[in-house]
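Chemist: Right, I'll just put the structure down here and ask away after.
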Amino acid sequence: DLKYSALDYVFWKVVGEGSFSTVFLATDIRLDREFAIKVCEKKHIVKERKVEYVKREKEVLSIINSRMCTTCPFFVKLYHTFHDKYRLYFVLSYASNGDLLPYINGKKFNEKCVQFYAAEILRALEHMHRLGIIHRDLKPENILLNENMHILLTDFGSAKILENQTLESEDKSLPNHRSRSGSFVGTAQYVSPELLNEQSVSFASDLWALGCIIYQMVEGHPPFCGRSEAEIFQKIRKLELNFKDTFEPKTKDIVLKLLVPDASSRLGALDRGQYDSVRSHSFFLGVDFECLYQKTPPLQP
Ligand SMILES: NC(=O)Nc1ccc2c(c1)=C(Cc1cc(-c3cccc(C(=O)NCCN4CCCCC4)c3)c[nH]1)C(=O)N=2
């Protein structure tokens, strides 16, 4: 198969910065096609002990891409990887409309938009969780928008792969497909109580983040804010949550059913395969989950 190098691309501009990677918009000279290339400095990832993160991201993207289907194409594609003396390169889908955050901050979300994007995120969670993958860092910055304004989930460096997905292969003291995670991962505003308290993780950790994102699409800011991580964690533990009077009742209801401290009592926590108890909530009334990708998204660039 083709051997790639950085010389095969024209690197135009930085379109994303992580703690140990930089994402560039680049053009493949032979194909004359745009890609996003995530570049990691080898020295930096070794020094920051992030080798496992980088390996995990490649493994998770390969698993997800291998099972991506036409009704659930809601993930960035990893086309190939290559490396040189100093760097690793991940050639990924370019999402020309960036990520969700500027649209949320720009208060462009009406109820139809909130419902549509919550539905696409739920479909992506179903696909990922069915493969035994927990994202663990779901947030608007990791939800990209392609040229047609459909979502593409990205950034799987913090993801957890549950082995075989059967209780037999996991720590039996942790029900509902949970396993111990050694260190805290994620972003403070979206981290679930179980990740804060017991250092355990479950698919329901991503459902908590979905609840935070639905709240944020309505309010324009996350439900748990603060001047420090400690202050944010305190609000999460105490479930300090305020809703404006203008918050739609059914939207408030689904947020409150997702932001439940006990992971196994969270809406969808006991579902398997498809999140039927989430799909059937009145907030999603009228959504055809199998045809989302065929619909024209209600948000325009
Ligand atoms: N951590 C990661 O994995 N990060 C990644 C991975 C893959 C990837 C990735 C990040 C991408 C990030 C990205 C960022 C951008 C972008 C950056 C800056 C500006 C814009 C932009 O203005 N686009 C036009 C749409 N704007 C958006 C804001 C409101 C007005 C209209 C896009 C486009 N794509 C991408 O396209 N593909």
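Residues are referred to by chain and number: the chain letter is A, B, ... according to the order shown in the structure tokens, the number counts from 1 in that chain, and ligands are numbered separately from 1 in the order shown.
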Please extract the residues of segment 166-278 of chain A with a backbone DSSP assignment of strand (DSSP E or B) and present them as a ChimeraX atom specification.
Modeler: /A:179-180,200-201
Chemist: May I have the residues from that selection written out with N, CA, C and O atoms, as an mmCIF file, in the first residue's frame?
Modeler:
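Output file again.cif is given in full below:
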data_model
loop_
_atom_site.group_PDB
_atom_site.id
_atom_site.type_symbol
_atom_site.label_atom_id
_atom_site.label_comp_id
_atom_site.auth_asym_id
_atom_site.auth_seq_id
_atom_site.Cartn_x
_atom_site.Cartn_y
_atom_site.Cartn_z
ATOM 1 N N SER A 179 -15.942 -0.496 34.551
ATOM 2 C CA SER A 179 -14.627 -1.030 34.905
ATOM 3 C C SER A 179 -13.848 0.103 35.531
ATOM 4 O O SER A 179 -14.150 1.279 35.308
ATOM 5 N N ARG A 180 -12.861 -0.240 36.299
ATOM 6 C CA ARG A 180 -12.107 0.795 37.018
ATOM 7 C C ARG A 180 -11.178 1.521 36.050
ATOM 8 O O ARG A 180 -10.547 0.917 35.211
ATOM 9 N N SER A 200 -14.623 4.980 38.594
ATOM 10 C CA SER A 200 -15.100 3.883 37.718
ATOM 11 C C SER A 200 -15.688 4.539 36.470
ATOM 12 O O SER A 200 -15.887 5.743 36.422
ATOM 13 N N VAL A 201 -15.972 3.753 35.489
ATOM 14 C CA VAL A 201 -16.502 4.341 34.251
ATOM 15 C C VAL A 201 -17.549 3.397 33.669
ATOM 16 O O VAL A 201 -17.483 2.179 33.872
#
Chemist: Quick one: contact table of chain A to ligand 1, 10 Å max, nearest atom pair and distance in Å to one decimal per residue, counting only C-alpha atoms and all ligand atoms, chain and number order, as a tab-separated table?
Modeler:
residue	atom	partner	partner_atom_place_in_ligand_line	distance
A:Lys13	CA	ligand 1	17 (C)	8.8
A:Val14	CA	ligand 1	17 (C)	7.6
A:Val15	CA	ligand 1	14 (C)	4.3
A:Gly16	CA	ligand 1	12 (C)	5.4
A:Glu17	CA	ligand 1	1 (N)	7.2
A:Gly18	CA	ligand 1	1 (N)	6.0
A:Ser19	CA	ligand 1	1 (N)	9.2
A:Phe20	CA	ligand 1	1 (N)	9.5
A:Ser21	CA	ligand 1	1 (N)	7.5
A:Thr22	CA	ligand 1	4 (N)	8.0
A:Val23	CA	ligand 1	10 (C)	5.9
A:Phe24	CA	ligand 1	11 (C)	7.9
A:Leu25	CA	ligand 1	36 (O)	7.0
A:Ala26	CA	ligand 1	36 (O)	9.9
A:Glu34	CA	ligand 1	36 (O)	9.3
A:Phe35	CA	ligand 1	37 (N)	7.2
A:Ala36	CA	ligand 1	37 (N)	4.7
A:Ile37	CA	ligand 1	7 (C)	7.1
A:Lys38	CA	ligand 1	6 (C)	6.4
A:Val39	CA	ligand 1	2 (C)	9.9
A:Glu57	CA	ligand 1	3 (O)	8.8
A:Phe75	CA	ligand 1	7 (C)	9.4
A:Val76	CA	ligand 1	7 (C)	6.3
A:Lys77	CA	ligand 1	7 (C)	8.3
A:Leu78	CA	ligand 1	7 (C)	8.7
A:Phe90	CA	ligand 1	7 (C)	8.8
A:Val91	CA	ligand 1	7 (C)	8.3
A:Leu92	CA	ligand 1	7 (C)	5.5
A:Ser93	CA	ligand 1	37 (N)	5.1
A:Tyr94	CA	ligand 1	36 (O)	3.5
A:Ala95	CA	ligand 1	36 (O)	3.5
A:Ser96	CA	ligand 1	33 (C)	4.5
A:Asn97	CA	ligand 1	25 (C)	3.9
A:Gly98	CA	ligand 1	15 (C)	3.5
A:Asp99	CA	ligand 1	14 (C)	6.3
A:Leu100	CA	ligand 1	28 (C)	8.2
A:Leu101	CA	ligand 1	28 (C)	8.2
A:Pro102	CA	ligand 1	28 (C)	5.2
A:Tyr103	CA	ligand 1	29 (C)	5.9
A:Ile104	CA	ligand 1	29 (C)	9.4
A:Asn105	CA	ligand 1	29 (C)	9.3
A:Gly106	CA	ligand 1	29 (C)	7.7
A:Lys108	CA	ligand 1	29 (C)	9.7
A:Glu141	CA	ligand 1	1 (N)	8.3
A:Asn142	CA	ligand 1	1 (N)	6.6
A:Ile143	CA	ligand 1	10 (C)	8.9
A:Leu144	CA	ligand 1	11 (C)	6.6
A:Leu145	CA	ligand 1	34 (N)	7.8
A:Asn146	CA	ligand 1	36 (O)	7.7
A:Glu147	CA	ligand 1	25 (C)	9.0
A:Met149	CA	ligand 1	25 (C)	9.5
A:Leu152	CA	ligand 1	37 (N)	8.4
A:Leu153	CA	ligand 1	6 (C)	8.5
A:Thr154	CA	ligand 1	3 (O)	4.8
A:Asp155	CA	ligand 1	3 (O)	3.7
A:Phe156	CA	ligand 1	3 (O)	7.0
A:Gly157	CA	ligand 1	3 (O)	8.1
A:Gln300	CA	ligand 1	31 (C)	8.7
A:Pro301	CA	ligand 1	31 (C)	5.1
Chemist: Leaving out segment 128-138 of chain A and any residue of its chain fewer than 2 positions from it, which residues lie within 7 Å of it when counting only C-alpha atoms, given as a PDB file with N, CA and C atoms, in the first residue's frame?
Modeler:
ATOM      1  N   ILE A  64     -14.119   1.884  15.274  1.00  0.00           N
ATOM      2  CA  ILE A  64     -15.353   2.612  14.919  1.00  0.00           C
ATOM      3  C   ILE A  64     -15.507   2.706  13.403  1.00  0.00           C
ATOM      4  N   ALA A 124     -24.781   8.375  17.728  1.00  0.00           N
ATOM      5  CA  ALA A 124     -23.332   8.121  17.752  1.00  0.00           C
ATOM      6  C   ALA A 124     -22.960   7.352  19.022  1.00  0.00           C
ATOM      7  N   LEU A 125     -23.587   7.699  20.145  1.00  0.00           N
ATOM      8  CA  LEU A 125     -23.305   6.980  21.401  1.00  0.00           C
ATOM      9  C   LEU A 125     -23.742   5.520  21.279  1.00  0.00           C
ATOM     10  N   GLU A 126     -24.900   5.289  20.660  1.00  0.00           N
ATOM     11  CA  GLU A 126     -25.379   3.906  20.484  1.00  0.00           C
ATOM     12  C   GLU A 126     -24.360   3.088  19.696  1.00  0.00           C
ATOM     13  N   ASN A 142     -15.613  18.543  20.840  1.00  0.00           N
ATOM     14  CA  ASN A 142     -15.310  17.249  20.188  1.00  0.00           C
ATOM     15  C   ASN A 142     -16.449  16.775  19.294  1.00  0.00           C
ATOM     16  N   PHE A 156     -10.640  10.665  20.490  1.00  0.00           N
ATOM     17  CA  PHE A 156     -10.862   9.404  21.229  1.00  0.00           C
ATOM     18  C   PHE A 156      -9.663   9.030  22.093  1.00  0.00           C
ATOM     19  N   SER A 158      -9.118   9.785  25.091  1.00  0.00           N
ATOM     20  CA  SER A 158      -9.513   9.441  26.480  1.00  0.00           C
ATOM     21  C   SER A 158     -10.456   8.251  26.521  1.00  0.00           C
ATOM     22  N   ALA A 159     -10.751   7.684  25.356  1.00  0.00           N
ATOM     23  CA  ALA A 159     -11.779   6.616  25.305  1.00  0.00           C
ATOM     24  C   ALA A 159     -11.331   5.367  26.065  1.00  0.00           C
ATOM     25  N   LYS A 160     -12.333   4.590  26.469  1.00  0.00           N
ATOM     26  CA  LYS A 160     -12.080   3.319  27.166  1.00  0.00           C
ATOM     27  C   LYS A 160     -12.724   2.227  26.332  1.00  0.00           C
ATOM     28  N   ILE A 161     -12.003   1.153  26.086  1.00  0.00           N
ATOM     29  CA  ILE A 161     -12.577   0.009  25.372  1.00  0.00           C
ATOM     30  C   ILE A 161     -12.902  -1.055  26.400  1.00  0.00           C
ATOM     31  N   LEU A 162     -14.223  -1.355  26.566  1.00  0.00           N
ATOM     32  CA  LEU A 162     -14.600  -2.417  27.517  1.00  0.00           C
ATOM     33  C   LEU A 162     -14.362  -3.744  26.818  1.00  0.00           C
ATOM     34  N   GLN A 165     -17.261  -6.763  26.545  1.00  0.00           N
ATOM     35  CA  GLN A 165     -18.585  -6.279  26.952  1.00  0.00           C
ATOM     36  C   GLN A 165     -19.384  -7.273  27.773  1.00  0.00           C
ATOM     37  N   VAL A 185     -10.002  11.212  33.664  1.00  0.00           N
ATOM     38  CA  VAL A 185      -9.901  11.731  32.296  1.00  0.00           C
ATOM     39  C   VAL A 185     -11.147  12.567  32.032  1.00  0.00           C
ATOM     40  N   GLY A 186     -11.069  13.390  31.015  1.00  0.00           N
ATOM     41  CA  GLY A 186     -12.238  14.159  30.603  1.00  0.00           C
ATOM     42  C   GLY A 186     -12.039  15.636  30.854  1.00  0.00           C
ATOM     43  N   THR A 187     -13.148  16.365  30.759  1.00  0.00           N
ATOM     44  CA  THR A 187     -13.148  17.820  30.946  1.00  0.00           C
ATOM     45  C   THR A 187     -14.101  18.157  32.076  1.00  0.00           C
ATOM     46  N   PHE A 203     -20.861   3.190  30.341  1.00  0.00           N
ATOM     47  CA  PHE A 203     -21.466   3.856  29.177  1.00  0.00           C
ATOM     48  C   PHE A 203     -22.281   5.049  29.661  1.00  0.00           C
ATOM     49  N   SER A 205     -21.604   7.181  31.687  1.00  0.00           N
ATOM     50  CA  SER A 205     -20.772   8.405  31.838  1.00  0.00           C
ATOM     51  C   SER A 205     -20.947   9.317  30.616  1.00  0.00           C
ATOM     52  N   ASP A 206     -21.110   8.690  29.442  1.00  0.00           N
ATOM     53  CA  ASP A 206     -21.335   9.489  28.215  1.00  0.00           C
ATOM     54  C   ASP A 206     -22.765  10.035  28.183  1.00  0.00           C
ATOM     55  N   ALA A 209     -22.740  13.235  30.048  1.00  0.00           N
ATOM     56  CA  ALA A 209     -22.186  14.317  29.200  1.00  0.00           C
ATOM     57  C   ALA A 209     -23.240  14.787  28.197  1.00  0.00           C
ATOM     58  N   GLY A 273     -27.775  -1.977  23.501  1.00  0.00           N
ATOM     59  CA  GLY A 273     -27.826  -1.848  22.032  1.00  0.00           C
ATOM     60  C   GLY A 273     -28.364  -0.489  21.646  1.00  0.00           C
TER      61      GLY A 273
END
Chemist: Could you list, as a list in words, every residue within 12 Å of Lys85 of chain A, counting only C-alpha atoms and ignoring same-chain residues fewer than 3 positions away?
Modeler: Ser5, Ala6, Cys40, Glu41, Lys42, Lys43, Phe82, Leu88 and Tyr89 of chain A
Chemist: Could you turn the residues from that selection into a file that holds N, CA and C atoms, as a CSV table (one decimal), in the first residue's frame?
Modeler:
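Heads up, here's the output in part-v3.csv:
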chain,number,residue,atom,x,y,z
A,5,SER,N,4.0,10.5,3.4
A,5,SER,CA,4.9,11.4,4.3
A,5,SER,C,4.3,12.8,4.2
A,6,ALA,N,4.9,13.6,5.1
A,6,ALA,CA,4.3,15.0,5.2
A,6,ALA,C,4.5,15.7,3.8
A,40,CYS,N,1.3,14.8,16.3
A,40,CYS,CA,1.8,14.7,17.7
A,40,CYS,C,3.3,14.7,17.7
A,41,GLU,N,4.0,15.5,18.5
A,41,GLU,CA,5.4,15.5,18.6
A,41,GLU,C,5.8,14.3,19.5
A,42,LYS,N,6.6,13.4,18.9
A,42,LYS,CA,7.0,12.1,19.6
A,42,LYS,C,7.6,12.5,21.0
A,43,LYS,N,8.5,13.4,21.0
A,43,LYS,CA,9.2,13.8,22.3
A,43,LYS,C,8.2,14.2,23.3
A,82,PHE,N,1.0,8.0,9.5
A,82,PHE,CA,2.5,7.8,9.2
A,82,PHE,C,3.3,8.6,10.2
A,88,LEU,N,4.2,12.1,14.8
A,88,LEU,CA,3.2,11.1,14.4
A,88,LEU,C,2.1,11.9,13.6
A,89,TYR,N,1.6,11.3,12.6
A,89,TYR,CA,0.6,12.0,11.8
A,89,TYR,C,-0.7,11.2,11.6
Chemist: So that I can see what lies close to segment 242-251 of chain A, please list as a ChimeraX atom specification the residues with an atom at most 10 Å from it, counting only C-alpha atoms and leaving out residues fewer than 5 positions away in the same chain.
Modeler: /A:111,114-115,211,214-215,218-219,223-224,256-257,281-285
Chemist: Could you turn the residues from that selection into a file that holds N, CA and C atoms, as a tab-separated table (two decimals), in the first residue's frame?
Modeler:
chain	number	residue	atom	x	y	z
A	111	GLU	N	-35.33	25.02	19.67
A	111	GLU	CA	-35.68	23.68	20.17
A	111	GLU	C	-35.48	22.60	19.11
A	114	VAL	N	-31.81	21.80	18.99
A	114	VAL	CA	-31.39	21.04	20.18
A	114	VAL	C	-31.79	19.58	20.02
A	115	GLN	N	-33.06	19.39	19.58
A	115	GLN	CA	-33.57	18.01	19.41
A	115	GLN	C	-32.78	17.26	18.34
A	211	GLY	N	-26.43	14.88	28.70
A	211	GLY	CA	-27.32	15.75	29.47
A	211	GLY	C	-26.74	17.15	29.62
A	214	ILE	N	-27.03	18.92	26.13
A	214	ILE	CA	-28.40	19.38	25.83
A	214	ILE	C	-28.69	20.66	26.61
A	215	TYR	N	-28.31	20.67	27.89
A	215	TYR	CA	-28.50	21.87	28.72
A	215	TYR	C	-27.77	23.05	28.07
A	218	VAL	N	-29.24	24.73	25.03
A	218	VAL	CA	-30.38	25.63	25.34
A	218	VAL	C	-29.89	26.93	25.99
A	219	GLU	N	-29.03	26.76	27.02
A	219	GLU	CA	-28.65	27.91	27.86
A	219	GLU	C	-27.46	28.71	27.30
A	223	PRO	N	-24.07	23.21	32.41
A	223	PRO	CA	-24.85	23.29	33.65
A	223	PRO	C	-24.01	23.53	34.89
A	224	PHE	N	-22.77	23.01	34.87
A	224	PHE	CA	-21.89	23.14	36.05
A	224	PHE	C	-20.69	24.00	35.66
A	256	LEU	N	-32.80	16.44	33.43
A	256	LEU	CA	-32.82	15.97	34.83
A	256	LEU	C	-32.75	14.45	34.92
A	257	LYS	N	-33.23	13.75	33.90
A	257	LYS	CA	-33.19	12.28	33.91
A	257	LYS	C	-31.82	11.75	33.46
A	281	HIS	N	-38.37	9.25	25.10
A	281	HIS	CA	-38.71	10.42	25.94
A	281	HIS	C	-39.43	11.46	25.07
A	282	SER	N	-40.37	12.18	25.66
A	282	SER	CA	-41.19	13.16	24.89
A	282	SER	C	-40.32	14.24	24.24
A	283	PHE	N	-39.11	14.45	24.75
A	283	PHE	CA	-38.22	15.46	24.14
A	283	PHE	C	-37.93	15.08	22.68
A	284	PHE	N	-37.88	13.76	22.40
A	284	PHE	CA	-37.53	13.29	21.04
A	284	PHE	C	-38.78	12.99	20.20
A	285	LEU	N	-39.95	13.44	20.65
A	285	LEU	CA	-41.19	13.15	19.91
A	285	LEU	C	-41.05	13.62	18.45
Chemist: Work out how far apart atom CA of Gly220 of chain A and atom CA of Lys107 of chain A are and give it in Å to one decimal.
Modeler: 6.2 Å
